[in-house]
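Structure data follow from data02.cif (mmCIF, C-alpha atoms and all ligand atoms):
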data_coords
#
loop_
_atom_site.label_atom_id
_atom_site.label_comp_id
_atom_site.auth_asym_id
_atom_site.auth_seq_id
_atom_site.Cartn_x
_atom_site.Cartn_y
_atom_site.Cartn_z
CA MET R 164 63.82 79.74 90.62
CA SER R 165 64.08 80.20 86.90
CA GLY R 166 60.48 81.22 86.51
CA ASN R 167 60.02 78.54 83.86
CA ASP R 168 56.79 76.58 83.87
CA ASP R 169 56.53 72.90 83.19
CA ASN R 170 57.21 73.50 79.52
CA GLU R 171 60.05 71.92 77.57
CA ALA R 172 62.55 74.67 78.34
CA GLY R 173 61.79 74.29 82.05
CA ASN R 174 62.52 70.56 82.06
CA ASP R 175 65.75 71.04 80.17
CA PHE R 176 67.06 73.82 82.37
CA ARG R 177 70.57 73.25 83.68
CA CYS R 178 72.08 74.84 86.76
CA GLY R 179 75.26 74.19 88.69
CA TYR R 180 78.55 75.34 90.17
CA ALA R 181 81.86 75.67 88.32
CA THR R 182 84.88 76.44 90.46
CA ILE R 183 87.89 78.11 88.84
CA ILE R 184 91.25 77.14 90.35
CA GLY R 185 94.86 77.73 89.37
CA ARG R 186 98.07 79.11 90.74
CA PRO R 187 98.26 82.84 91.58
CA ASN R 188 98.23 85.25 88.63
CA VAL R 189 97.10 82.87 85.85
CA GLY R 190 94.00 85.00 85.12
CA LYS R 191 91.10 83.41 87.05
CA SER R 192 89.49 86.67 88.12
CA THR R 193 89.99 88.18 84.66
CA LEU R 194 88.05 85.22 83.21
CA LEU R 195 85.21 85.59 85.70
CA ASN R 196 84.83 89.30 84.89
CA ARG R 197 85.01 88.57 81.17
CA ILE R 198 82.24 85.95 81.36
CA ILE R 199 79.96 88.04 83.56
CA GLY R 200 80.69 91.13 81.45
CA GLN R 201 81.25 93.31 84.47
CA LYS R 202 84.03 93.93 86.94
CA LEU R 203 83.21 91.91 90.05
CA SER R 204 86.54 90.41 91.02
CA ILE R 205 89.69 92.48 91.36
CA THR R 206 92.74 91.69 89.24
CA SER R 207 96.40 92.72 89.16
CA ARG R 208 99.81 91.73 87.90
CA LYS R 209 100.80 90.78 91.44
CA PRO R 210 100.17 87.24 92.64
CA GLN R 211 97.66 86.60 95.44
CA THR R 212 95.28 89.39 94.56
CA THR R 213 92.13 87.41 95.31
CA GLN R 214 91.73 86.59 99.00
CA ARG R 215 88.16 85.38 99.22
CA ARG R 216 85.74 83.29 97.23
CA LEU R 217 83.33 85.19 95.05
CA LEU R 218 80.45 83.96 92.92
CA GLY R 219 79.74 85.22 89.43
CA ILE R 220 76.33 84.09 88.22
CA LYS R 221 75.32 83.95 84.57
CA THR R 222 71.82 83.01 83.49
CA ASP R 223 70.39 82.52 80.01
CA GLU R 224 67.21 80.91 78.77
CA HIS R 225 68.48 77.37 79.31
CA HIS R 226 71.25 77.57 81.92
CA GLN R 227 72.41 79.17 85.09
CA THR R 228 76.15 78.77 85.63
CA ILE R 229 77.45 79.74 89.04
CA TYR R 230 81.19 80.41 88.72
CA ILE R 231 83.36 80.50 91.82
CA ASP R 232 86.54 82.57 91.68
CA THR R 233 89.13 81.42 94.21
CA PRO R 234 92.45 82.68 95.59
CA GLY R 235 95.50 81.41 93.71
CA MET R 236 96.61 78.03 95.00
CA GLN R 237 100.03 77.97 96.65
CA SER R 238 101.60 76.22 99.59
CA ARG R 239 104.57 78.52 100.34
CA TYR R 240 103.12 80.63 103.14
CA GLN R 241 101.79 79.38 106.44
CA ASP R 242 100.42 82.51 108.12
CA ALA R 243 96.76 82.95 109.07
CA ILE R 244 95.70 84.87 105.96
CA HIS R 245 97.19 82.23 103.66
CA ARG R 246 95.62 79.44 105.66
CA TYR R 247 92.34 81.32 105.31
CA MET R 248 92.88 81.58 101.53
CA ARG R 249 93.55 77.85 101.28
CA ARG R 250 90.35 77.14 103.25
CA GLU R 251 88.49 79.32 100.78
CA ILE R 252 89.76 77.09 97.96
CA SER R 253 88.88 73.86 99.80
CA ASN R 254 85.36 75.13 100.46
CA ALA R 255 85.01 76.09 96.81
CA LEU R 256 85.77 72.49 95.84
CA LEU R 257 82.82 71.10 97.79
CA HIS R 258 79.46 70.47 96.09
CA ILE R 259 80.54 71.51 92.62
CA ASP R 260 79.56 70.21 89.21
CA VAL R 261 82.55 71.23 87.09
CA LEU R 262 86.12 72.07 87.99
CA VAL R 263 87.88 74.61 85.81
CA PHE R 264 91.66 74.33 86.09
CA MET R 265 93.46 77.31 84.59
CA ILE R 266 97.10 77.34 83.54
CA GLU R 267 99.25 79.76 81.56
CA ALA R 268 100.24 78.90 77.99
CA LEU R 269 103.61 77.14 77.65
CA LYS R 270 104.07 76.97 81.42
CA TRP R 271 103.85 74.02 83.76
CA THR R 272 105.38 74.49 87.20
CA GLU R 273 105.60 72.82 90.58
CA ALA R 274 102.41 74.70 91.52
CA GLU R 275 100.49 72.95 88.73
CA GLU R 276 101.79 69.58 89.95
CA GLU R 277 100.56 70.40 93.46
CA ILE R 278 97.15 71.32 92.13
CA LEU R 279 96.89 68.05 90.20
CA GLU R 280 97.70 66.24 93.41
CA ALA R 281 95.08 68.24 95.33
CA ILE R 282 92.34 67.42 92.83
CA LYS R 283 93.25 63.84 92.09
CA ASP R 284 90.23 62.39 93.91
CA ILE R 285 87.74 64.89 92.60
CA LYS R 286 84.79 63.16 91.00
CA VAL R 287 83.47 65.93 88.73
CA PRO R 288 84.67 66.66 85.17
CA VAL R 289 87.80 68.82 85.00
CA LEU R 290 88.09 71.33 82.20
CA LEU R 291 91.59 72.61 81.43
CA LEU R 292 91.91 76.21 80.27
CA ILE R 293 95.20 77.35 78.80
CA ASN R 294 95.14 81.13 79.29
CA LYS R 295 97.18 84.04 77.92
CA ILE R 296 97.57 82.54 74.45
CA ASP R 297 97.86 86.12 73.17
CA LEU R 298 101.36 86.12 74.67
CA VAL R 299 102.47 83.15 72.58
CA GLY R 300 104.41 84.56 69.65
CA ASP R 301 104.64 81.42 67.59
CA LYS R 302 101.28 79.62 67.80
CA GLU R 303 102.97 76.47 66.44
CA ASN R 304 104.37 75.97 69.92
CA LEU R 305 100.91 75.53 71.36
CA LEU R 306 100.18 72.17 69.74
CA PRO R 307 103.01 70.15 71.31
CA TYR R 308 102.29 71.91 74.61
CA ILE R 309 98.61 70.96 74.50
CA ARG R 310 99.56 67.38 73.66
CA GLU R 311 101.90 67.29 76.64
CA VAL R 312 99.45 68.72 79.21
CA SER R 313 96.64 66.51 77.93
CA GLU R 314 98.57 63.53 79.26
CA ARG R 315 98.63 64.84 82.83
CA LYS R 316 94.99 64.05 83.55
CA ASP R 317 91.83 62.87 81.88
CA PHE R 318 90.45 66.35 81.19
CA SER R 319 86.90 66.61 79.88
CA ASP R 320 88.08 69.28 77.47
CA ILE R 321 91.12 71.51 76.87
CA ILE R 322 90.53 75.02 75.60
CA PRO R 323 93.24 77.57 74.78
CA ILE R 324 91.92 81.04 75.64
CA SER R 325 92.80 84.63 76.28
CA ALA R 326 90.73 85.93 79.16
CA GLY R 327 92.45 89.28 78.69
CA LYS R 328 91.60 89.64 75.01
CA GLY R 329 88.35 87.65 75.12
CA THR R 330 89.39 84.77 72.85
CA ASN R 331 87.37 81.50 72.96
CA ILE R 332 85.34 82.59 75.97
CA ARG R 333 82.04 81.56 74.39
CA GLN R 334 83.51 78.08 73.89
CA VAL R 335 84.35 77.90 77.60
CA GLU R 336 80.83 78.86 78.60
CA THR R 337 79.31 76.28 76.25
CA ALA R 338 81.62 73.50 77.45
CA ILE R 339 80.79 74.25 81.10
CA SER R 340 77.05 74.61 80.66
CA ALA R 341 76.86 71.26 78.85
CA LEU R 342 78.34 69.61 81.96
CA LEU R 343 75.80 71.09 84.40
CA PRO R 344 73.07 68.87 85.84
CA ARG R 345 69.42 69.34 84.98
CA ALA R 346 68.16 71.50 87.82
CA PRO R 347 66.15 74.67 88.33
CA ALA R 348 67.95 78.01 88.78
CA GLU R 349 69.20 78.74 92.30
CA PHE R 350 69.42 82.50 91.96
CA PRO R 351 67.11 85.10 90.41
CA GLU R 352 68.05 85.58 86.76
CA ASP R 353 69.20 89.18 87.26
CA GLN R 354 71.53 88.37 90.18
CA ILE R 355 75.20 88.32 89.13
CA THR R 356 77.06 87.77 92.40
CA ASP R 357 76.66 86.71 96.02
CA ARG R 358 78.81 89.60 97.22
CA SER R 359 77.40 92.94 98.36
CA GLU R 360 78.17 96.27 96.70
CA LYS R 361 79.89 97.18 99.95
CA PHE R 362 82.25 94.19 99.67
CA ILE R 363 83.08 94.99 96.05
CA ALA R 364 83.63 98.68 96.85
CA ALA R 365 86.21 97.68 99.47
CA GLU R 366 87.87 95.38 96.94
CA PHE R 367 88.13 98.20 94.38
CA ILE R 368 90.22 100.20 96.87
CA ARG R 369 92.42 97.19 97.58
CA GLU R 370 92.93 96.65 93.85
CA LYS R 371 94.12 100.18 93.19
CA LEU R 372 96.55 100.00 96.10
CA ILE R 373 97.90 96.58 95.08
CA ARG R 374 98.50 97.91 91.58
CA LYS R 375 100.48 100.85 92.94
CA LEU R 376 102.46 99.10 95.64
CA GLY R 377 105.23 96.52 95.91
CA LYS R 378 104.67 92.82 95.66
CA GLU R 379 104.86 92.04 99.39
CA LEU R 380 101.97 94.31 100.31
CA PRO R 381 98.86 92.72 98.70
CA TYR R 382 98.03 90.45 101.59
CA ARG R 383 99.14 92.93 104.25
CA ILE R 384 96.40 95.38 103.27
CA THR R 385 92.74 94.94 103.87
CA VAL R 386 89.88 97.39 103.51
CA VAL R 387 86.80 97.70 105.68
CA ILE R 388 83.85 99.88 104.74
CA GLU R 389 82.58 101.70 107.83
CA LYS R 390 79.80 103.66 106.21
CA PHE R 391 77.83 103.03 103.04
CA THR R 392 74.78 105.23 102.68
CA ARG R 393 72.75 105.93 99.59
CA GLU R 394 71.11 109.33 99.47
CA ARG R 395 69.45 111.29 96.74
CA GLN R 396 72.64 113.12 95.78
CA GLY R 397 74.82 109.99 95.77
CA VAL R 398 76.46 107.26 97.82
CA THR R 399 78.72 108.19 100.73
CA ILE R 400 81.42 105.63 101.49
CA ASP R 401 83.88 105.73 104.39
CA ALA R 402 86.68 103.18 104.14
CA ILE R 403 89.43 102.17 106.50
CA ILE R 404 92.57 100.69 105.01
CA TRP R 405 94.23 98.44 107.54
CA VAL R 406 97.97 97.80 107.33
CA GLU R 407 100.41 96.13 109.71
CA SER R 408 102.98 98.79 110.53
CA SER R 409 103.54 102.52 110.45
CA SER R 410 106.11 102.10 107.66
CA GLN R 411 103.45 100.37 105.54
CA LYS R 412 101.06 103.17 106.43
CA ALA R 413 103.56 105.72 105.10
CA ILE R 414 103.91 103.75 101.85
CA VAL R 415 100.14 103.48 101.37
CA ILE R 416 99.67 107.19 101.96
CA GLY R 417 102.62 108.07 99.75
CA LYS R 418 104.54 111.30 99.35
CA GLU R 419 102.23 114.18 100.18
CA GLY R 420 99.35 111.72 100.23
CA GLY R 421 99.75 111.07 96.52
CA VAL R 422 99.38 107.27 96.47
CA LEU R 423 96.25 107.20 98.60
CA LYS R 424 94.73 110.13 96.76
CA SER R 425 95.10 108.64 93.30
CA ALA R 426 94.09 105.12 94.45
CA GLY R 427 90.97 106.58 96.06
CA GLU R 428 90.15 108.57 92.95
CA GLN R 429 90.46 105.51 90.69
CA ALA R 430 88.46 103.33 93.07
CA ARG R 431 85.75 105.99 93.27
CA LYS R 432 85.38 105.92 89.48
CA ASP R 433 84.92 102.13 89.48
CA MET R 434 82.38 102.47 92.30
CA GLN R 435 80.43 105.06 90.35
CA ILE R 436 80.15 102.67 87.40
CA MET R 437 79.09 99.78 89.63
CA LEU R 438 76.58 101.83 91.63
CA ASP R 439 75.46 103.98 88.71
CA SER R 440 75.57 106.95 91.03
CA LYS R 441 77.81 109.71 92.24
CA VAL R 442 80.13 108.47 95.01
CA TYR R 443 81.66 110.47 97.86
CA LEU R 444 84.60 108.43 99.15
CA ARG R 445 86.64 109.11 102.28
CA THR R 446 89.57 106.93 103.29
CA TRP R 447 91.70 106.49 106.40
CA VAL R 448 94.80 104.33 106.84
CA LYS R 449 95.16 102.61 110.21
CA VAL R 450 97.60 100.15 111.71
CA LYS R 451 96.70 96.82 113.30
CA LYS R 452 99.92 95.03 114.10
CA ASN R 453 100.23 91.58 112.58
CA TRP R 454 96.55 91.31 111.52
CA SER R 455 97.34 88.94 108.67
CA ASP R 456 98.72 86.31 111.03
CA ASP R 457 96.15 86.61 113.77
CA GLN R 458 93.04 84.46 113.56
CA ARG R 459 91.07 86.72 115.89
CA LEU R 460 91.95 89.92 114.06
CA LEU R 461 91.16 88.31 110.70
CA LYS R 462 87.69 87.52 111.98
CA GLN R 463 87.29 91.05 113.32
CA LEU R 464 88.21 92.42 109.90
CA GLY R 465 85.47 90.41 108.24
CA PHE R 466 87.28 87.25 107.12
CA GLU R 467 84.44 84.97 108.12
CA SER R 468 85.30 81.28 108.24
N1 LIG E 501 98.34 88.95 78.30
C1 LIG E 501 97.35 88.47 79.05
N2 LIG E 501 97.26 88.84 80.34
C2 LIG E 501 96.24 88.33 81.07
C3 LIG E 501 95.28 87.44 80.54
N3 LIG E 501 94.42 87.11 81.52
C4 LIG E 501 94.82 87.76 82.62
N4 LIG E 501 95.91 88.50 82.37
C5 LIG E 501 96.67 89.35 83.31
O1 LIG E 501 97.27 88.53 84.28
C6 LIG E 501 97.33 89.19 85.55
C7 LIG E 501 96.68 88.33 86.61
O2 LIG E 501 95.29 88.25 86.36
P1 LIG E 501 94.25 87.91 87.52
O3 LIG E 501 92.92 87.72 86.86
O4 LIG E 501 94.35 88.87 88.63
O5 LIG E 501 94.84 86.50 87.99
P2 LIG E 501 94.31 85.51 89.15
O6 LIG E 501 94.54 84.13 88.67
O7 LIG E 501 92.93 85.88 89.54
O8 LIG E 501 95.35 85.84 90.31
P3 LIG E 501 95.20 85.62 91.93
O9 LIG E 501 93.92 86.25 92.37
O10 LIG E 501 96.39 86.32 92.48
O11 LIG E 501 95.24 84.14 92.14
C8 LIG E 501 96.62 90.53 85.34
O12 LIG E 501 97.61 91.51 85.10
C9 LIG E 501 95.79 90.30 84.10
O13 LIG E 501 95.53 91.48 83.38
C10 LIG E 501 95.41 87.09 79.15
O14 LIG E 501 94.62 86.33 78.58
N5 LIG E 501 96.45 87.63 78.47
MG MG E 502 92.16 86.47 91.35
#
Please lay out the structure from this file as structure tokens.
Amino acid sequence: MSGNDDNEAGNDFRCGYATIIGRPNVGKSTLLNRIIGQKLSITSRKPQTTQRRLLGIKTDEHHQTIYIDTPGMQSRYQDAIHRYMRREISNALLHIDVLVFMIEALKWTEAEEEILEAIKDIKVPVLLLINKIDLVGDKENLLPYIREVSERKDFSDIIPISAGKGTNIRQVETAISALLPRAPAEFPEDQITDRSEKFIAAEFIREKLIRKLGKELPYRITVVIEKFTRERQGVTIDAIIWVESSSQKAIVIGKEGGVLKSAGEQARKDMQIMLDSKVYLRTWVKVKKNWSDDQRLLKQLGFES
């Protein structure tokens, strides 16, 4: 609950869910982190970084907006992990108040067409965000592009932004909060996500590895935290990095352990910021053959349906 009494502010309070969708790599997770003002969702230059839904919750005096970051939408792959990712998107489209469709400036691909098709029967307002405008050299090109995309659907608003640089983000928040229904807050005002510190710690390790490794590996690696204990001198975290073959294991470990060592070191720094504490991190790489295409193994590794 918002903690508001029956005063005017209480009656006017708005709360609701805004799901962010878009093809892989357009900048959805970057936007969520930018709005929340903290790193919750991992990001990378490689497509298909986000595997699971994650909430970012932002509360002010008059609104609580519950953003849902989703995996990039694509239909190319049919294995179990990708089917899981698509289910995560479908679930994030249920019971929402606003849909935020993100595209990349000056681009419109087959993937965007597929998304339009997927959301054609959606009843809630759809806000179109054109991201990465910082990459557009000649801003004159944006106007005809905006005109063109505006004809694709009856969008409630179209906002050019740069999630990376932080341009027009306030405008996005205002547009979304105006579309939320009058309702009391669902989460305590100081809660910023539905995910545990343990989940986010595992994601930090995955992010560092994705950033260091080739483009085929992101969805072949998953991280499970085996131990997470907070003591007076700091937090001890034991993590297992699961891969699918011994050759992948060798790549993740790297020459003389270099890749794993530097990924672990970078992840540990992010964890220390998040946990505001010293972190002692230990990592192991283990092989589970074909986990990403095995429903049972996915479940075992924490991909709850
Ligand atoms: N130049 C520029 N780069 C951006 C911007 N927003 C995001 N990026 C970069 O684009 C890449 C993808 O960003 P993510 O936030 O991981 O994209 P995503 O849509 O969540 O991707 P998936 O989780 O794979 O679906 C990262 O390298 C970001 O740093 C932006 O406004 N400008
Ligand atoms: Mg993402």
Using only C-alpha atoms and all ligand atoms, find each residue in chain R having at least one atom no more than 8 Å away from ligand LIG 501 (chain E); report its shortest atom-to-atom pair and that distance in Å (one decimal), rows by chain then rising number, as a Markdown table.
| residue | atom | partner | partner_atom | distance |
| --- | --- | --- | --- | --- |
| R:Ile184 | CA | E:LIG501 | O6 | 7.9 |
| R:Gly185 | CA | E:LIG501 | O6 | 6.4 |
| R:Arg186 | CA | E:LIG501 | O11 | 5.9 |
| R:Pro187 | CA | E:LIG501 | O11 | 3.3 |
| R:Asn188 | CA | E:LIG501 | O8 | 3.4 |
| R:Val189 | CA | E:LIG501 | O6 | 4.0 |
| R:Gly190 | CA | E:LIG501 | O5 | 3.3 |
| R:Lys191 | CA | E:LIG501 | O6 | 3.9 |
| R:Ser192 | CA | E:LIG501 | O3 | 3.8 |
| R:Thr193 | CA | E:LIG501 | O3 | 3.7 |
| R:Leu194 | CA | E:LIG501 | O3 | 6.6 |
| R:Ser204 | CA | E:LIG501 | O7 | 8.0 |
| R:Ile205 | CA | E:LIG501 | O4 | 6.5 |
| R:Thr206 | CA | E:LIG501 | O4 | 3.3 |
| R:Ser207 | CA | E:LIG501 | O4 | 4.4 |
| R:Arg208 | CA | E:LIG501 | O12 | 3.6 |
| R:Lys209 | CA | E:LIG501 | O10 | 6.4 |
| R:Pro210 | CA | E:LIG501 | O10 | 3.9 |
| R:Gln211 | CA | E:LIG501 | O10 | 3.2 |
| R:Thr212 | CA | E:LIG501 | O10 | 3.9 |
| R:Thr213 | CA | E:LIG501 | O9 | 3.6 |
| R:Gln214 | CA | E:LIG501 | O9 | 7.0 |
| R:Asp232 | CA | E:LIG501 | O7 | 7.5 |
| R:Thr233 | CA | E:LIG501 | O11 | 7.0 |
| R:Pro234 | CA | E:LIG501 | O11 | 4.7 |
| R:Gly235 | CA | E:LIG501 | O11 | 3.2 |
| R:Met236 | CA | E:LIG501 | O11 | 6.9 |
| R:Asn294 | CA | E:LIG501 | O14 | 5.3 |
| R:Lys295 | CA | E:LIG501 | O14 | 3.5 |
| R:Ile296 | CA | E:LIG501 | O14 | 6.3 |
| R:Asp297 | CA | E:LIG501 | N5 | 5.7 |
| R:Leu298 | CA | E:LIG501 | N1 | 5.5 |
| R:Ile324 | CA | E:LIG501 | O14 | 6.6 |
| R:Ser325 | CA | E:LIG501 | O14 | 3.4 |
| R:Ala326 | CA | E:LIG501 | O14 | 4.0 |
| R:Gly327 | CA | E:LIG501 | O14 | 3.7 |
| R:Lys328 | CA | E:LIG501 | O14 | 5.7 |
| R:Gly329 | CA | E:LIG501 | O14 | 7.3 |
| R:Thr330 | CA | E:LIG501 | O14 | 7.9 |
request  = Fewer than 3 positions away in the same chain doesn't count, so skip those; otherwise give me all residues within 7 Å of range 336-350 of chain R, counting all atoms listed in the file, as a ChimeraX atom specification.
outcome  = /R:164-165,175-179,226-228,260-261,332-333,354
Surrounding residues of range 413-419 of chain R excluding itself and chain neighbours under 2 positions, 10 Å, only C-alpha atoms, as a list in words =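 So, after excluding close chain neighbours, the residues are Leu372, Ile373, Lys375, Leu376, Gly377, Leu380, Ile384, Ile404, Trp405, Val406, Ser408, Ser409, Ser410, Gln411, Gly421, Val422, Leu423, Lys424, Ser425, Ala426, Trp447 and Val448 of chain R.
For Ala430 in chain R, the list of residues within 8 Å, based on all atoms listed in the file and with local chain neighbours fewer than 4 positions off taken out, reads Ala364, Phe367, Ile368, Lys371, Ala426 and Met434 of chain R.
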ask   = Do you have the CA of Thr399 in chain R-atom MG of ligand MG 502 (chain E) distance handy?
value =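 Taking CA of Thr399 in chain R as the start and atom MG of ligand MG 502 (chain E) as the end point, the length is 27.2 Å.
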task = Have a look at R:Gly420, R:Gly397, R:Pro381, R:Pro351 and name the one nearest to ligand MG 502 (chain E); count all atoms listed in the file.
result =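 Of R:Gly420, R:Gly397, R:Pro381, R:Pro351, the one nearest ligand MG 502 (chain E), counting all atoms listed in the file, is R:Pro381.
Checking R:Glu467, R:Glu389, R:Asp439, R:Glu370 one by one against ligand MG 502 (chain E), counting only C-alpha atoms and all ligand atoms, you find the shortest gap at R:Glu370.
The smallest atom-to-atom distance between ligand MG 502 (chain E) and any of R:Ile403, R:Met437, R:Leu203, R:Leu306, using all atoms listed in the file, is found for R:Leu203.
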Selection: 9 Å around range 321-323 of chain R, all atoms listed in the file, excl. self and same-chain fewer than 4 positions, as a list of chain:residue names = R:Ala268, R:Leu290, R:Leu291, R:Leu292, R:Ile293, R:Asn294, R:Lys295, R:Ile296, R:Leu305, R:Ile309, R:Ser313, R:Thr330, R:Asn331, R:Gln334, R:Val335
query = Using only C-alpha atoms, which residue out of R:Thr182, R:Arg239, R:Lys451, R:Arg374 lies closest to Ile282 in chain R?
reply =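 Smallest distance to Ile282 in chain R is found for R:Thr182.
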query = What is the CA of Asn174 in chain R to CA of Ile220 in chain R distance in Å?
reply =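 CA of Ile220 in chain R lies at a distance of 20.3 Å from CA of Asn174 in chain R.
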message = What does the structure give for the distance between CA of Val398 in chain R and CA of Gln435 in chain R, in Å to one decimal?
response =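 A separation of 8.7 Å between them.
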request  = Identify which of the residues R:Glu352, R:Lys283, R:Glu366, R:Ser238 lies closest to ligand MG 502 (chain E), counting all atoms listed in the file when measuring atom-to-atom distances.
outcome  =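 Distance minimum relative to ligand MG 502 (chain E) lands on R:Glu366.
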Best match for closeness to Leu438 in chain R among R:Glu360, R:Asp353, R:Asp320, R:Glu280, counting only C-alpha atoms = R:Glu360
So for range 339-342 of chain R, what box centre and size do we get, axis-aligned, 4 Å extra on each of the six sides, every listed atom, Å to one decimal, as JSON?
{"center_x": 78.8, "center_y": 72.1, "center_z": 80.4, "size_x": 11.9, "size_y": 13.0, "size_z": 11.1}
